[in-house]
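With mmCIF, C-alpha atoms and all ligand atoms inside, this is run11.cif:
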data_entry
loop_
_atom_site.label_atom_id
_atom_site.label_comp_id
_atom_site.auth_asym_id
_atom_site.auth_seq_id
_atom_site.Cartn_x
_atom_site.Cartn_y
_atom_site.Cartn_z
CA ASN A 1 -1.84 77.27 -66.01
CA PHE A 2 -0.85 77.92 -69.62
CA LEU A 3 2.75 78.73 -68.75
CA GLN A 4 3.28 75.16 -67.66
CA MET A 5 1.80 73.67 -70.81
CA SER A 6 4.13 72.86 -73.66
CA VAL A 7 4.08 70.40 -76.53
CA GLU A 8 6.73 67.73 -76.68
CA VAL A 9 7.53 66.71 -80.23
CA GLU A 10 9.60 63.57 -80.26
CA ARG A 11 10.96 60.84 -82.48
CA LYS A 12 12.31 57.62 -81.04
CA PHE A 13 15.15 55.65 -82.59
CA LEU A 14 17.09 52.47 -81.98
CA PHE A 15 20.78 52.94 -81.35
CA ASP A 16 23.96 50.91 -81.20
CA SER A 17 27.60 51.78 -80.54
CA ASP A 18 27.93 53.33 -84.03
CA THR A 19 25.00 55.70 -83.41
CA LEU A 20 26.47 56.58 -80.03
CA LYS A 21 29.78 57.40 -81.67
CA ALA A 22 28.02 59.61 -84.26
CA ILE A 23 26.23 61.47 -81.47
CA GLU A 24 29.42 61.93 -79.47
CA ASP A 25 31.19 63.18 -82.62
CA ILE A 26 28.70 65.91 -83.47
CA GLY A 27 27.13 66.60 -80.08
CA ASP A 28 27.90 67.48 -76.48
CA CYS A 29 26.83 65.34 -73.56
CA VAL A 30 24.95 67.65 -71.22
CA GLY A 31 24.42 65.18 -68.41
CA GLN A 32 23.40 61.78 -67.18
CA LYS A 33 20.58 61.19 -64.74
CA GLN A 34 18.45 58.45 -63.33
CA PHE A 35 14.74 58.63 -62.58
CA HIS A 36 12.01 56.32 -61.41
CA ASP A 37 8.59 56.52 -63.09
CA LYS A 38 5.27 55.27 -61.77
CA TYR A 39 2.32 55.30 -64.19
CA PHE A 40 -1.32 55.32 -63.07
CA ASP A 41 -4.66 54.41 -64.62
CA THR A 42 -8.11 53.16 -63.65
CA PRO A 43 -8.56 49.35 -63.53
CA ASP A 44 -10.46 49.56 -66.86
CA PHE A 45 -7.75 51.68 -68.54
CA LYS A 46 -9.81 54.84 -68.98
CA LEU A 47 -6.75 57.08 -69.31
CA THR A 48 -4.46 55.01 -71.49
CA LEU A 49 -7.37 54.08 -73.81
CA ARG A 50 -7.51 57.81 -74.55
CA ASP A 51 -3.73 57.90 -74.96
CA VAL A 52 -3.44 59.91 -71.72
CA TRP A 53 -0.44 59.07 -69.53
CA LEU A 54 -0.31 60.03 -65.87
CA ARG A 55 2.99 59.57 -64.12
CA ARG A 56 4.98 60.47 -61.06
CA ARG A 57 8.65 61.19 -61.72
CA LYS A 58 11.04 62.55 -59.09
CA GLN A 59 8.24 63.51 -56.70
CA SER A 60 6.45 65.48 -59.42
CA TRP A 61 3.28 64.71 -61.34
CA GLU A 62 3.19 64.86 -65.12
CA LEU A 63 0.36 64.30 -67.58
CA LYS A 64 0.95 63.62 -71.25
CA CYS A 65 -2.09 63.99 -73.50
CA PRO A 66 -2.48 63.96 -77.27
CA ILE A 67 -2.69 67.45 -78.76
CA ASP A 68 -5.51 66.14 -80.90
CA PRO A 69 -8.86 66.14 -79.05
CA VAL A 70 -8.63 64.28 -75.74
CA ASN A 71 -12.32 63.44 -75.85
CA GLY A 72 -12.24 61.82 -79.26
CA THR A 73 -11.42 58.17 -79.58
CA VAL A 74 -8.12 57.18 -81.11
CA GLU A 75 -8.54 57.02 -84.87
CA PRO A 76 -8.24 53.47 -86.23
CA GLY A 77 -5.97 52.89 -89.19
CA ARG A 78 -4.36 56.30 -88.79
CA GLU A 79 -0.92 56.35 -90.34
CA LYS A 80 1.39 56.68 -87.37
CA SER A 81 3.96 59.35 -88.11
CA LEU A 82 7.55 59.00 -86.95
CA CYS A 83 7.07 61.94 -84.60
CA THR A 84 4.75 61.94 -81.63
CA ARG A 85 3.26 65.14 -80.22
CA TYR A 86 1.98 65.33 -76.69
CA LYS A 87 0.91 68.12 -74.45
CA GLU A 88 2.75 68.03 -71.14
CA ILE A 89 0.99 69.29 -68.04
CA THR A 90 2.90 69.58 -64.78
CA ASN A 91 0.57 71.65 -62.61
CA LEU A 92 -1.17 69.23 -60.21
CA PRO A 93 -4.58 70.98 -59.93
CA GLU A 94 -4.66 71.17 -63.75
CA ILE A 95 -3.68 67.49 -64.00
CA TYR A 96 -6.45 66.54 -61.54
CA GLN A 97 -9.00 68.53 -63.58
CA ARG A 98 -7.93 66.92 -66.87
CA VAL A 99 -7.90 63.42 -65.43
CA LYS A 100 -11.40 63.91 -64.01
CA GLU A 101 -12.62 65.08 -67.43
CA VAL A 102 -11.12 62.09 -69.21
CA ILE A 103 -12.49 59.50 -66.78
CA LYS A 104 -15.73 61.49 -66.46
CA VAL A 105 -15.87 61.59 -62.71
CA THR A 106 -18.26 64.24 -61.57
CA CYS A 107 -18.07 66.04 -58.24
CA GLU A 108 -21.13 64.09 -57.07
CA ASP A 109 -19.22 60.86 -57.68
CA CYS A 110 -16.38 62.24 -55.61
CA LYS A 111 -18.81 63.31 -52.85
CA ALA A 112 -16.80 66.40 -52.07
CA ASP A 113 -14.42 67.92 -54.57
CA ILE A 114 -10.95 67.59 -53.14
CA THR A 115 -7.71 69.45 -53.64
CA PRO A 116 -4.98 67.10 -54.81
CA SER A 117 -1.82 67.24 -52.79
CA ASP A 118 1.78 66.44 -53.65
CA GLU A 119 2.37 65.03 -50.18
CA ASP A 120 -0.76 62.92 -49.92
CA ASP A 121 -1.85 60.46 -52.63
CA SER A 122 -5.48 60.09 -51.47
CA TRP A 123 -6.74 61.87 -54.62
CA LEU A 124 -5.60 58.75 -56.52
CA ASN A 125 -8.02 56.62 -54.51
CA THR A 126 -10.81 59.13 -55.07
CA LEU A 127 -10.37 58.60 -58.81
CA LYS A 128 -9.67 54.83 -58.47
CA LEU A 129 -6.22 55.24 -59.97
CA CYS A 130 -3.68 52.43 -59.51
CA CYS A 131 -0.08 52.04 -60.54
CA PHE A 132 0.23 49.81 -63.63
CA ALA A 133 3.89 50.35 -64.55
CA GLU A 134 7.02 51.20 -62.64
CA PHE A 135 10.60 51.33 -63.85
CA THR A 136 13.87 53.21 -63.59
CA THR A 137 15.59 54.88 -66.52
CA THR A 138 19.19 55.95 -66.88
CA ARG A 139 19.33 58.81 -69.38
CA ARG A 140 22.24 60.46 -71.13
CA SER A 141 21.34 63.76 -72.81
CA PHE A 142 23.06 65.49 -75.70
CA THR A 143 22.75 68.70 -77.66
CA LEU A 144 24.00 69.10 -81.21
CA LYS A 145 25.99 72.06 -82.44
CA GLY A 146 23.93 74.20 -84.80
CA GLU A 147 20.66 72.49 -83.84
CA ASP A 148 18.90 74.96 -81.58
CA GLY A 149 16.38 73.56 -79.10
CA VAL A 150 16.95 69.94 -80.08
CA LYS A 151 17.78 67.45 -77.36
CA ILE A 152 18.84 63.85 -77.80
CA ASP A 153 18.19 61.40 -74.99
CA LEU A 154 19.63 57.91 -74.79
CA ASP A 155 17.54 55.90 -72.36
CA GLN A 156 18.36 52.60 -70.70
CA ALA A 157 15.40 51.13 -68.79
CA ASP A 158 16.04 48.77 -65.88
CA PHE A 159 13.94 46.00 -67.45
CA GLY A 160 16.43 45.68 -70.30
CA TYR A 161 15.39 47.92 -73.15
CA HIS A 162 17.19 50.90 -74.56
CA VAL A 163 15.89 53.54 -76.92
CA GLY A 164 16.90 56.99 -78.11
CA GLU A 165 14.75 60.03 -78.70
CA ILE A 166 15.16 63.29 -80.53
CA GLU A 167 13.06 65.87 -78.78
CA VAL A 168 11.95 69.47 -79.22
CA LEU A 169 9.86 71.25 -76.63
CA VAL A 170 7.46 73.75 -78.17
CA PRO A 171 5.85 76.35 -75.91
CA GLU A 172 2.05 76.64 -76.08
CA GLY A 173 1.17 78.28 -79.40
CA GLY A 174 4.65 77.64 -80.84
CA ASP A 175 5.50 76.20 -84.25
CA ILE A 176 5.12 72.41 -84.19
CA GLN A 177 5.81 72.08 -87.92
CA SER A 178 9.26 73.63 -87.61
CA ALA A 179 9.98 71.40 -84.59
CA GLN A 180 9.23 68.37 -86.78
CA GLU A 181 11.50 69.79 -89.47
CA LYS A 182 14.36 70.15 -86.95
CA ILE A 183 13.82 66.55 -85.82
CA ARG A 184 13.90 65.30 -89.40
CA HIS A 185 17.12 67.20 -90.03
CA THR A 186 18.72 65.86 -86.84
CA ALA A 187 17.72 62.30 -87.74
CA GLN A 188 19.40 62.78 -91.10
CA ARG A 189 22.59 64.04 -89.45
CA LEU A 190 22.65 60.96 -87.24
CA GLY A 191 22.19 58.74 -90.27
CA LEU A 192 18.95 57.22 -88.99
CA ASN A 193 16.98 55.40 -91.61
CA GLU A 194 13.96 54.14 -89.73
CA GLU A 195 10.76 54.34 -91.68
CA ARG A 196 8.54 53.04 -88.94
CA ARG A 197 7.81 54.19 -85.45
CA VAL A 198 10.14 52.62 -82.91
CA GLU A 199 8.70 51.08 -79.75
CA GLY A 200 8.98 53.21 -76.64
CA LYS A 201 9.85 51.91 -73.18
CA MET A 202 6.18 51.73 -72.21
CA THR A 203 5.17 49.62 -75.21
CA VAL A 204 7.87 47.08 -74.41
CA TYR A 205 7.01 47.18 -70.69
CA LEU A 206 3.29 46.55 -71.28
CA LYS A 207 3.93 43.77 -73.78
CA ARG A 208 6.14 42.04 -71.24
CA TYR A 209 4.45 42.72 -67.88
CA ARG A 210 0.85 43.82 -68.68
CA PRO A 211 -0.14 41.69 -71.67
CA GLU A 212 -3.89 42.24 -71.13
CA GLN A 213 -3.56 46.03 -71.13
CA TYR A 214 -1.14 45.81 -74.06
CA ALA A 215 -3.63 43.80 -76.14
CA ILE A 216 -6.48 46.20 -75.33
CA LEU A 217 -4.43 49.29 -76.20
CA LEU A 218 -3.16 47.66 -79.37
CA SER A 219 -6.66 46.85 -80.59
CA ALA A 220 -7.80 50.38 -79.65
CA HIS A 221 -4.94 51.68 -81.87
CA VAL A 222 -3.30 53.53 -78.98
CA LEU A 223 -0.02 51.62 -79.35
C1 LIG A 301 3.12 59.25 -74.55
C2 LIG A 301 3.25 57.80 -74.27
C3 LIG A 301 3.70 57.30 -73.09
C4 LIG A 301 4.17 58.03 -71.91
C5 LIG A 301 5.65 57.93 -71.86
O1 LIG A 301 6.14 58.68 -72.89
P1 LIG A 301 7.60 58.43 -73.48
O2 LIG A 301 7.95 59.62 -74.31
O3 LIG A 301 7.64 57.14 -74.18
O4 LIG A 301 8.48 58.30 -72.17
P2 LIG A 301 9.78 59.10 -71.73
O5 LIG A 301 10.29 58.44 -70.50
O6 LIG A 301 10.73 59.20 -72.86
O7 LIG A 301 9.22 60.53 -71.39
P3 LIG A 301 9.95 61.96 -71.50
O8 LIG A 301 11.07 61.97 -70.49
O9 LIG A 301 10.45 62.10 -72.92
O10 LIG A 301 8.87 62.96 -71.17
S1 LIG A 301 3.70 55.64 -73.15
C6 LIG A 301 3.09 55.61 -74.70
N1 LIG A 301 2.92 56.83 -75.18
C7 LIG A 301 2.44 56.98 -76.50
C8 LIG A 301 3.57 56.69 -77.48
C9 LIG A 301 3.40 55.79 -78.52
N2 LIG A 301 2.23 55.18 -78.71
N3 LIG A 301 4.42 55.55 -79.38
C10 LIG A 301 5.60 56.15 -79.22
C11 LIG A 301 6.73 55.87 -80.15
N4 LIG A 301 5.81 57.01 -78.21
C12 LIG A 301 4.81 57.29 -77.35
#
Translate the structure of the given file into structure tokens.
Amino acid sequence: NFLQMSVEVERKFLFDSDTLKAIEDIGDCVGQKQFHDKYFDTPDFKLTLRDVWLRRRKQSWELKCPIDPVNGTVEPGREKSLCTRYKEITNLPEIYQRVKEVIKVTCEDCKADITPSDEDDSWLNTLKLCCFAEFTTTRRSFTLKGEDGVKIDLDQADFGYHVGEIEVLVPEGGDIQSAQEKIRHTAQRLGLNEERRVEGKMTVYLKRYRPEQYAILLSAHVL
């Protein structure tokens, strides 16, 4: 379902009370919410090794995959840009199809092809998917005046890490370049001067609670 596929362009940043003040000065808080995420993978990390992230958030399934070929391996030594770009898929049958492709499960392996259901998690067992990370995030969201389509999220994870992100959602076929330009401009307005990619919640979570998976993903250049 192409309508439900968009590209999320995002840049993470570290923030303190000064950054927060800058954001409150030039932006409007558009809400605070809390959500619980559960992430799933095979025991041998077939999804995350391909930089594919399957999660359940607020009773809905979401799949984040790189916009660069899903079937290719992650390029070693690639200069990691400040912005990440991921395709977001929210349609469950489409997610199931993608996940099967990435972990290369054929219908014969599954015996009978099944229809994944929101109410029943048995399709996870069919694909040998287990939960490897689980945490709650409290998120405050802001918009900036004169910065159309740009959202700023300030996330506090329950395991004691906080991180901000500047985000632009680009509809399928939309202009990713101009989204990156908007993000760069917003970062400038906030006075951010990071030159390196900032760790996301997942990176910190894996390092702390899943050191084996963290080491494998690090050496595969996923993180
Ligand atoms: C894509 C990805 C992961 C999945 C979680 O994505 P993230 O944007 O970090 O989470 P969140 O809660 O902010 O999702 P949102 O609400 O914005 O949809 S975990 C790791 N990655 C890849 C990745 C990476 N290697 N480095 C950075 C800086 N970000 C993401």
_What does the list of residues within 8 Å of ligand LIG 301 (chain A) look like if you count all atoms listed in the file, written as a PyMOL selection string?_
chain A and resi 8+10-12+37+51-54+64-66+82-84+86+88+137+155+165+167+197-203+222-223
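With distances restricted to all atoms listed in the file, A:Leu63 is the closest residue to Arg98 of chain A from A:Trp123, A:Leu63, A:Lys128, A:Phe142.
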_For Met5 of chain A, find every residue with an atom within 12 Å (counting all atoms listed in the file), except residues of its own chain fewer than 4 positions away, and show them as number ranges by chain._
A: 1, 62-65, 67, 86-92, 94-95, 169-174
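Note that the spacing between atom CA of Arg57 of chain A and atom CA of Leu218 of chain A amounts to 25.2 Å.
With only C-alpha atoms as the atoms that count, the minimum distance from Arg55 of chain A to the choices A:Thr126, A:Glu212, A:Asp18, A:Cys131 is reached by A:Cys131.
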